[in-house]
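First up is the structure itself, then whatever we jot down about it.
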Amino acid sequence: MSAQTSSVHPRPAMTAAPTVYRMLFAISLVHLLNDSIQAVIPALLPILESNLALTYTQVGVILLVVNLTSSVLQPVVGYVSDRKSRPLMPPIALLISGLGMFALALADHYYIVLLAVACVGIGSAVFHPEASRIAHHASGPRRGLGQSIFQVGGNAGQALAPLMTILIFQPLGQPGAMWFLVPAAAASAVLLYVALWYRGQQRTKKTVQEAISHSYKQKRMLALGLLVVIVSVRSWLNAGYQSFYQFFLMDVRSMEYASAQLCVFGFLLAGAIGTFLGGPIADRFGKRNLLVFSTLGSLPLTLLTPYVSGVWTYPLLFASGLIMLSSFSVTVVYAQELLPGRIGTVSGLIIGLAFGMGGMGALVLGYLADLQNITFVITLCSLMPLIGALGFLLPSDKEINRWNQTA
């Protein structure tokens with residue numbers, strides 16, 4: 001055994017069970033509905049800013065609250081689910097998110113808004129780790145494909161948010177948020193069906209445990225920490241374009257509200273497409289390589305975003321999102337291979353904490369927009385893909401496989 005080998009930890013053995021596509025698509029549908037609800041909040045910000053006379057800093061605080069409640073809790077929920085799975089909790093969590101949206105529709109005070117978005121964040125925090133565990137189980141041997149199907153639902157939900165904003169919030173205003181109780185209830189019903197199937201799987205087939213060596217533990221932890229930094233900065237960039245680029249287009253480029261929402265929709269739609277395509281690309285060229293390419297490869301495009309206007313804005317933001325988010329699902333699988341047997345914890349760290357750090361970034365970006373101007377913020381965001389250079393310090397896929405084979 002290697003000198004760097006740590007103590008032995010149990011993990012679930014690989015199973016020969018087939019890929020259960022109906023469950024993967026069902027959990028992906030719920031992911032779509034859940035993330036569309038959460039993503040509606042940034043799209044609603046211009047209306048809240050106008051109705052409640054908010055500053056950019058207060059807008060950033062709203063994003064901070066929804067992201068911190070959804071991100072900080074996720075590693076905790078993931079750790080608990082690794083010890084004992086609770087598949088019936090996510091359906092309840094989705095109803096909490098729906099009630100948060102209902103409260104947001106009636107909110108006439110800033111602090112009520114914060115409480116409402118906190119409910120949405122809590123529901124999302126409970127949903128993601130357990131849903132990722134169910135997706136992992138339903139994937140059978142096709143882990144990458146299963147994670148791509150699961151994650152593309154979330155990205156598609158985020159992409160739909162600007163369209164729903166145009167169709168619902170533009171004619172109905174803030175009260176239109178109460179309609180999102182409907183998709184929350186639908187998601188809860190589908191999730192209950194999935195959860196009952198998963199609980200049945202747990203009862204009829206006990207999880208086989210085998211002892212493995214978490215060799216090279218220090219290197220694994222350093223790589224995971226570096227990965228969290230890269231994904232966190234990328235989430236800052238995503239928050240900047242999803243939340244503040246619409247203000248840049250309206251205030252600086254004099255674009256109409258609906259047109260700005262369509263531009264953001266194109267960015268998020270491209271991200272959903274990139275997420276789905278990223279899995280097969282990573283299988284061929286490597287997960288770490290795709291992570292580096294998806295960040296550094298988008299840099300030439302993002303550098304142009306503060307300067308383009310008119311019709312050119314749409315294809316530029318679409319291409320940026322397509323490249324930038326192509327490693328979205330791949331990042332989760334890469335992290336799961338870094339820490340095998342810790343599906344819930346790793347999912348909580350990457351999907352929750354790292355991506356949720358976009359909320360902290362949104363607060364900083366909002367403060368900078370008030371202190372400087374919105375153009376300064378978009379220019380800063382355009383430089384953030386440089387973080388991808390740190391990806392060269394991550395271990396290659398072959399090296400991680402060698403670590404996992406060390407007994």
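FYI, nothing fancy with the structure tokens labels: chains A, B, ... in order, residues from 1 per chain, ligands from 1 as they appear.
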
Once DSSP has gone over the backbone, tell me which residues of segment 96-333 of chain A are in strand (DSSP E), as a VMD selection string. chain A and resid 209 to 213

Using only C-alpha atoms, which residues sit within 12 Å of Tyr193 of chain A once same-chain residues fewer than 6 positions away are excluded, as a compact mmCIF listing (two decimals) with N, CA and C atoms, in the first residue's frame?
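Once written, part_0.txt looks like this:
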# COMPACT_ATOMS: atom_id res chain seq x y z
N ARG A 22 -36.26 6.20 -17.10
CA ARG A 22 -37.49 6.89 -16.72
C ARG A 22 -37.28 7.67 -15.43
N MET A 23 -36.47 7.16 -14.53
CA MET A 23 -36.20 7.87 -13.30
C MET A 23 -35.24 9.03 -13.53
N ALA A 26 -37.29 11.70 -15.03
CA ALA A 26 -38.22 12.25 -14.03
C ALA A 26 -37.49 13.19 -13.07
N ILE A 27 -36.32 12.77 -12.59
CA ILE A 27 -35.57 13.62 -11.66
C ILE A 27 -35.01 14.84 -12.38
N VAL A 30 -37.87 17.33 -12.50
CA VAL A 30 -38.00 18.02 -11.21
C VAL A 30 -36.88 19.05 -11.06
N PRO A 87 -35.14 10.03 1.25
CA PRO A 87 -35.72 10.40 -0.05
C PRO A 87 -37.05 11.12 0.01
N LEU A 88 -37.75 11.07 1.15
CA LEU A 88 -39.05 11.71 1.24
C LEU A 88 -38.96 13.18 1.66
N PRO A 90 -37.11 15.70 0.04
CA PRO A 90 -37.17 16.64 -1.10
C PRO A 90 -38.58 17.02 -1.55
N PRO A 91 -39.58 16.09 -1.59
CA PRO A 91 -40.92 16.54 -1.98
C PRO A 91 -41.47 17.62 -1.06
N ALA A 186 -46.26 20.55 -8.72
CA ALA A 186 -46.06 19.50 -9.72
C ALA A 186 -44.73 18.79 -9.50
N ALA A 187 -43.68 19.57 -9.21
CA ALA A 187 -42.37 18.98 -8.95
C ALA A 187 -42.40 18.09 -7.72
N ARG A 199 -36.90 4.49 -2.47
CA ARG A 199 -37.03 3.84 -1.16
C ARG A 199 -37.30 2.35 -1.34
N GLY A 200 -38.07 2.01 -2.37
CA GLY A 200 -38.31 0.60 -2.67
C GLY A 200 -37.03 -0.11 -3.06

Using only C-alpha atoms, which residues of segment 301-353 of chain A come within 10 Å of segment 62-81 of chain A, and what is the closest atom pair for each, with the distance in Å to one decimal? Give it as CSV, sorted by chain and residue number.
residue,atom,partner,partner_atom,distance
A:Arg342,CA,A:Tyr79,CA,7.9
A:Ile343,CA,A:Gly78,CA,7.6
A:Gly344,CA,A:Gly78,CA,3.9
A:Thr345,CA,A:Gly78,CA,4.3
A:Val346,CA,A:Pro75,CA,7.4
A:Ser347,CA,A:Gly78,CA,6.9
A:Gly348,CA,A:Pro75,CA,4.0
A:Leu349,CA,A:Pro75,CA,5.2
A:Ile350,CA,A:Pro75,CA,8.6
A:Ile351,CA,A:Ser71,CA,7.8
A:Gly352,CA,A:Ser71,CA,4.1
A:Leu353,CA,A:Ser71,CA,4.4

Just write the chosen residues, N, CA and C atoms, as a compact mmCIF listing (two decimals), in the first residue's frame.
# COMPACT_ATOMS: atom_id res chain seq x y z
N ARG A 342 -18.66 9.32 -1.53
CA ARG A 342 -19.16 10.49 -0.79
C ARG A 342 -20.04 11.32 -1.72
N ILE A 343 -21.04 10.66 -2.32
CA ILE A 343 -21.84 11.29 -3.37
C ILE A 343 -22.57 12.52 -2.86
N GLY A 344 -23.27 12.37 -1.73
CA GLY A 344 -24.06 13.49 -1.20
C GLY A 344 -23.19 14.65 -0.77
N THR A 345 -22.10 14.35 -0.07
CA THR A 345 -21.21 15.41 0.41
C THR A 345 -20.58 16.17 -0.75
N VAL A 346 -20.08 15.43 -1.74
CA VAL A 346 -19.43 16.06 -2.89
C VAL A 346 -20.44 16.87 -3.70
N SER A 347 -21.64 16.31 -3.89
CA SER A 347 -22.67 17.05 -4.63
C SER A 347 -23.04 18.33 -3.90
N GLY A 348 -23.11 18.25 -2.55
CA GLY A 348 -23.39 19.44 -1.77
C GLY A 348 -22.31 20.49 -1.91
N LEU A 349 -21.05 20.05 -1.97
CA LEU A 349 -19.94 20.99 -2.10
C LEU A 349 -19.92 21.65 -3.48
N ILE A 350 -20.05 20.86 -4.52
CA ILE A 350 -19.91 21.39 -5.88
C ILE A 350 -21.19 22.05 -6.36
N ILE A 351 -22.31 21.33 -6.31
CA ILE A 351 -23.57 21.92 -6.77
C ILE A 351 -24.03 23.02 -5.82
N GLY A 352 -23.83 22.79 -4.53
CA GLY A 352 -24.32 23.73 -3.54
C GLY A 352 -23.36 24.84 -3.21
N LEU A 353 -22.29 24.50 -2.48
CA LEU A 353 -21.40 25.53 -1.97
C LEU A 353 -20.68 26.29 -3.07

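With only C-alpha atoms as the atoms that count, the residue of A:Gly286, A:Gly240, A:Pro46, A:Gly310 with the shortest distance to Val364 of chain A is A:Gly240.
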
Near Leu290 of chain A, counting only C-alpha atoms, which residues have an atom at most 10 Å away, once you skip same-chain residues fewer than 2 positions from it, shown as a PyMOL selection string? chain A and resi 278-279+281-288+292-297+323-324+326-328+330-331+391

With C-alpha atoms retained, export the selected residues as a compact mmCIF listing (two decimals), in the first residue's frame.
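What follows is the written file again.txt:
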# COMPACT_ATOMS: atom_id res chain seq x y z
CA GLY A 278 -20.18 18.18 -22.12
CA GLY A 279 -20.52 14.58 -20.92
CA ILE A 281 -16.94 15.39 -24.95
CA ALA A 282 -15.38 14.75 -21.55
CA ASP A 283 -15.57 10.99 -22.10
CA ARG A 284 -13.43 11.46 -25.18
CA PHE A 285 -11.01 14.20 -24.15
CA GLY A 286 -11.03 14.02 -20.35
CA LYS A 287 -12.95 15.80 -17.60
CA ARG A 288 -10.10 18.01 -16.45
CA VAL A 292 -9.87 24.03 -18.56
CA PHE A 293 -11.20 24.49 -22.10
CA SER A 294 -14.67 25.57 -20.98
CA THR A 295 -13.25 28.41 -18.88
CA LEU A 296 -10.24 29.63 -20.86
CA GLY A 297 -11.99 28.91 -24.15
CA ILE A 323 -18.55 27.01 -24.01
CA MET A 324 -18.46 28.26 -20.42
CA SER A 326 -20.13 22.77 -21.05
CA SER A 327 -18.28 21.36 -18.03
CA PHE A 328 -21.18 21.96 -15.60
CA VAL A 330 -18.61 17.07 -15.74
CA THR A 331 -17.34 19.03 -12.74
CA GLY A 391 -7.21 23.87 -13.93

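Counting only C-alpha atoms and comparing A:Ile378, A:Leu33, A:Ile112, A:Leu277, the residue that lies closest to Ala362 of chain A is A:Ile378.
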
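The residue that comes closest to Lys217 of chain A, out of A:Tyr314, A:Phe267, A:Trp403, A:Trp236 and on the basis of only C-alpha atoms, is A:Trp403.
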
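Proximity of A:Val332, A:Ala159, A:Leu94, A:Leu291 to Ser396 of chain A, computed with only C-alpha atoms, is greatest for A:Leu291.
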
Neighbour list for Ser309 of chain A as a ChimeraX atom specification, cut-off 8 Å, only C-alpha atoms, skip fewer than 3 positions in-chain: /A:253,312-313

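When atom CA of Ala93 of chain A is paired with atom CA of Leu115 of chain A, their separation reads 15.4 Å.
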
According to DSSP computed on the backbone, where in segment 167-367 of chain A is there helix (DSSP H, G or I)? Give the residues as a PyMOL selection string. chain A and resi 167-172+174-204+217-251+257-285+287-296+299-302+310-324+328-338+343-356+358-367

Compile the contact shell of Gly361 of chain A as a ChimeraX atom specification: residues with an atom at most 9 Å away, counting only C-alpha atoms, same-chain residues fewer than 2 positions apart removed. /A:60,64,232-233,235-237,239-240,357-359,363-366

Dump as an mmCIF file, in the first residue's frame, selection limited to N, CA and C atoms:
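Done, and the output landed in result-v5.cif:
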data_model
loop_
_atom_site.group_PDB
_atom_site.id
_atom_site.type_symbol
_atom_site.label_atom_id
_atom_site.label_comp_id
_atom_site.auth_asym_id
_atom_site.auth_seq_id
_atom_site.Cartn_x
_atom_site.Cartn_y
_atom_site.Cartn_z
ATOM 1 N N GLY A 60 -28.000 42.793 -4.608
ATOM 2 C CA GLY A 60 -26.982 41.789 -4.330
ATOM 3 C C GLY A 60 -27.273 40.994 -3.073
ATOM 4 N N LEU A 64 -27.606 37.088 -2.490
ATOM 5 C CA LEU A 64 -26.776 36.454 -1.472
ATOM 6 C C LEU A 64 -27.610 35.534 -0.583
ATOM 7 N N SER A 232 -16.319 28.213 -7.959
ATOM 8 C CA SER A 232 -16.877 29.385 -7.273
ATOM 9 C C SER A 232 -16.719 30.642 -8.120
ATOM 10 N N VAL A 233 -15.533 30.853 -8.668
ATOM 11 C CA VAL A 233 -15.303 32.031 -9.509
ATOM 12 C C VAL A 233 -16.160 31.955 -10.761
ATOM 13 N N SER A 235 -19.007 30.612 -10.909
ATOM 14 C CA SER A 235 -20.371 30.939 -10.492
ATOM 15 C C SER A 235 -20.535 32.445 -10.305
ATOM 16 N N TRP A 236 -19.461 33.142 -9.919
ATOM 17 C CA TRP A 236 -19.500 34.612 -9.871
ATOM 18 C C TRP A 236 -19.768 35.157 -11.272
ATOM 19 N N LEU A 237 -19.047 34.597 -12.230
ATOM 20 C CA LEU A 237 -19.217 35.033 -13.618
ATOM 21 C C LEU A 237 -20.640 34.758 -14.098
ATOM 22 N N ALA A 239 -23.323 34.486 -12.248
ATOM 23 C CA ALA A 239 -24.227 35.409 -11.561
ATOM 24 C C ALA A 239 -24.161 36.805 -12.179
ATOM 25 N N GLY A 240 -22.969 37.209 -12.586
ATOM 26 C CA GLY A 240 -22.817 38.519 -13.206
ATOM 27 C C GLY A 240 -23.602 38.650 -14.493
ATOM 28 N N MET A 357 -21.727 30.044 -4.289
ATOM 29 C CA MET A 357 -20.875 31.192 -4.026
ATOM 30 C C MET A 357 -21.142 32.334 -4.999
ATOM 31 N N GLY A 358 -21.904 32.024 -6.049
ATOM 32 C CA GLY A 358 -22.337 33.086 -6.940
ATOM 33 C C GLY A 358 -23.138 34.138 -6.200
ATOM 34 N N GLY A 359 -23.822 33.733 -5.117
ATOM 35 C CA GLY A 359 -24.563 34.698 -4.306
ATOM 36 C C GLY A 359 -23.645 35.690 -3.631
ATOM 37 N N LEU A 363 -23.328 39.813 -4.370
ATOM 38 C CA LEU A 363 -23.293 40.908 -3.400
ATOM 39 C C LEU A 363 -22.128 41.844 -3.676
ATOM 40 N N VAL A 364 -20.965 41.258 -3.943
ATOM 41 C CA VAL A 364 -19.786 42.069 -4.247
ATOM 42 C C VAL A 364 -19.989 42.847 -5.537
ATOM 43 N N LEU A 365 -20.538 42.181 -6.549
ATOM 44 C CA LEU A 365 -20.765 42.850 -7.835
ATOM 45 C C LEU A 365 -21.797 43.971 -7.691
ATOM 46 N N GLY A 366 -22.830 43.734 -6.888
ATOM 47 C CA GLY A 366 -23.818 44.785 -6.660
ATOM 48 C C GLY A 366 -23.208 45.990 -5.966
#

List every residue of segment 14-75 of chain A that has an atom at most 10 Å from any atom of segment 170-178 of chain A, and for each one report the closest atom pair and its distance in Å to one decimal, counting only C-alpha atoms, with rows sorted by chain and then by increasing residue number, as a tab-separated table.
residue	atom	partner	partner_atom	distance
A:Ile37	CA	A:Ala177	CA	9.2
A:Val40	CA	A:Ala177	CA	8.6
A:Ile41	CA	A:Ala177	CA	9.2
A:Leu44	CA	A:Gln174	CA	7.6
A:Leu45	CA	A:Gln174	CA	9.8
A:Ile47	CA	A:Gln174	CA	6.7
A:Leu48	CA	A:Gln174	CA	7.2
A:Asn51	CA	A:Gln174	CA	8.4

Closest contacts (segment 258-310 of chain A/segment 134-154 of chain A, max 7 Å, only C-alpha atoms) as a tab-separated table:
residue	atom	partner	partner_atom	distance
A:Ala272	CA	A:Val152	CA	5.4
A:Thr275	CA	A:Val152	CA	5.8
A:Phe276	CA	A:Ser148	CA	5.4
A:Gly279	CA	A:Gly144	CA	5.8

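Closest approach to Asp397 of chain A among A:Gln336, A:Thr55, A:Ser320, A:Ser132: A:Gln336, based on only C-alpha atoms.
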
Determine, counting only C-alpha atoms, which protein, DNA and RNA residues have an atom within 12 Å of an atom of Ala258 of chain A; residues of the same chain fewer than 4 positions away are not included. Present the result as a list in words. Ala43, Pro46, Pro162, Leu163, Met164, Thr165, Ile166, Leu167, Ile168, Phe169, Gln170, Pro171, Gln246, Phe247, Leu249, Met250, Ser254, Leu262, Cys263, Val264 and Phe265 of chain A

Counting only C-alpha atoms, which of A:Leu393, A:Thr57, A:Arg83, A:Ile400 gets nearest to Gln372 of chain A? A:Thr57
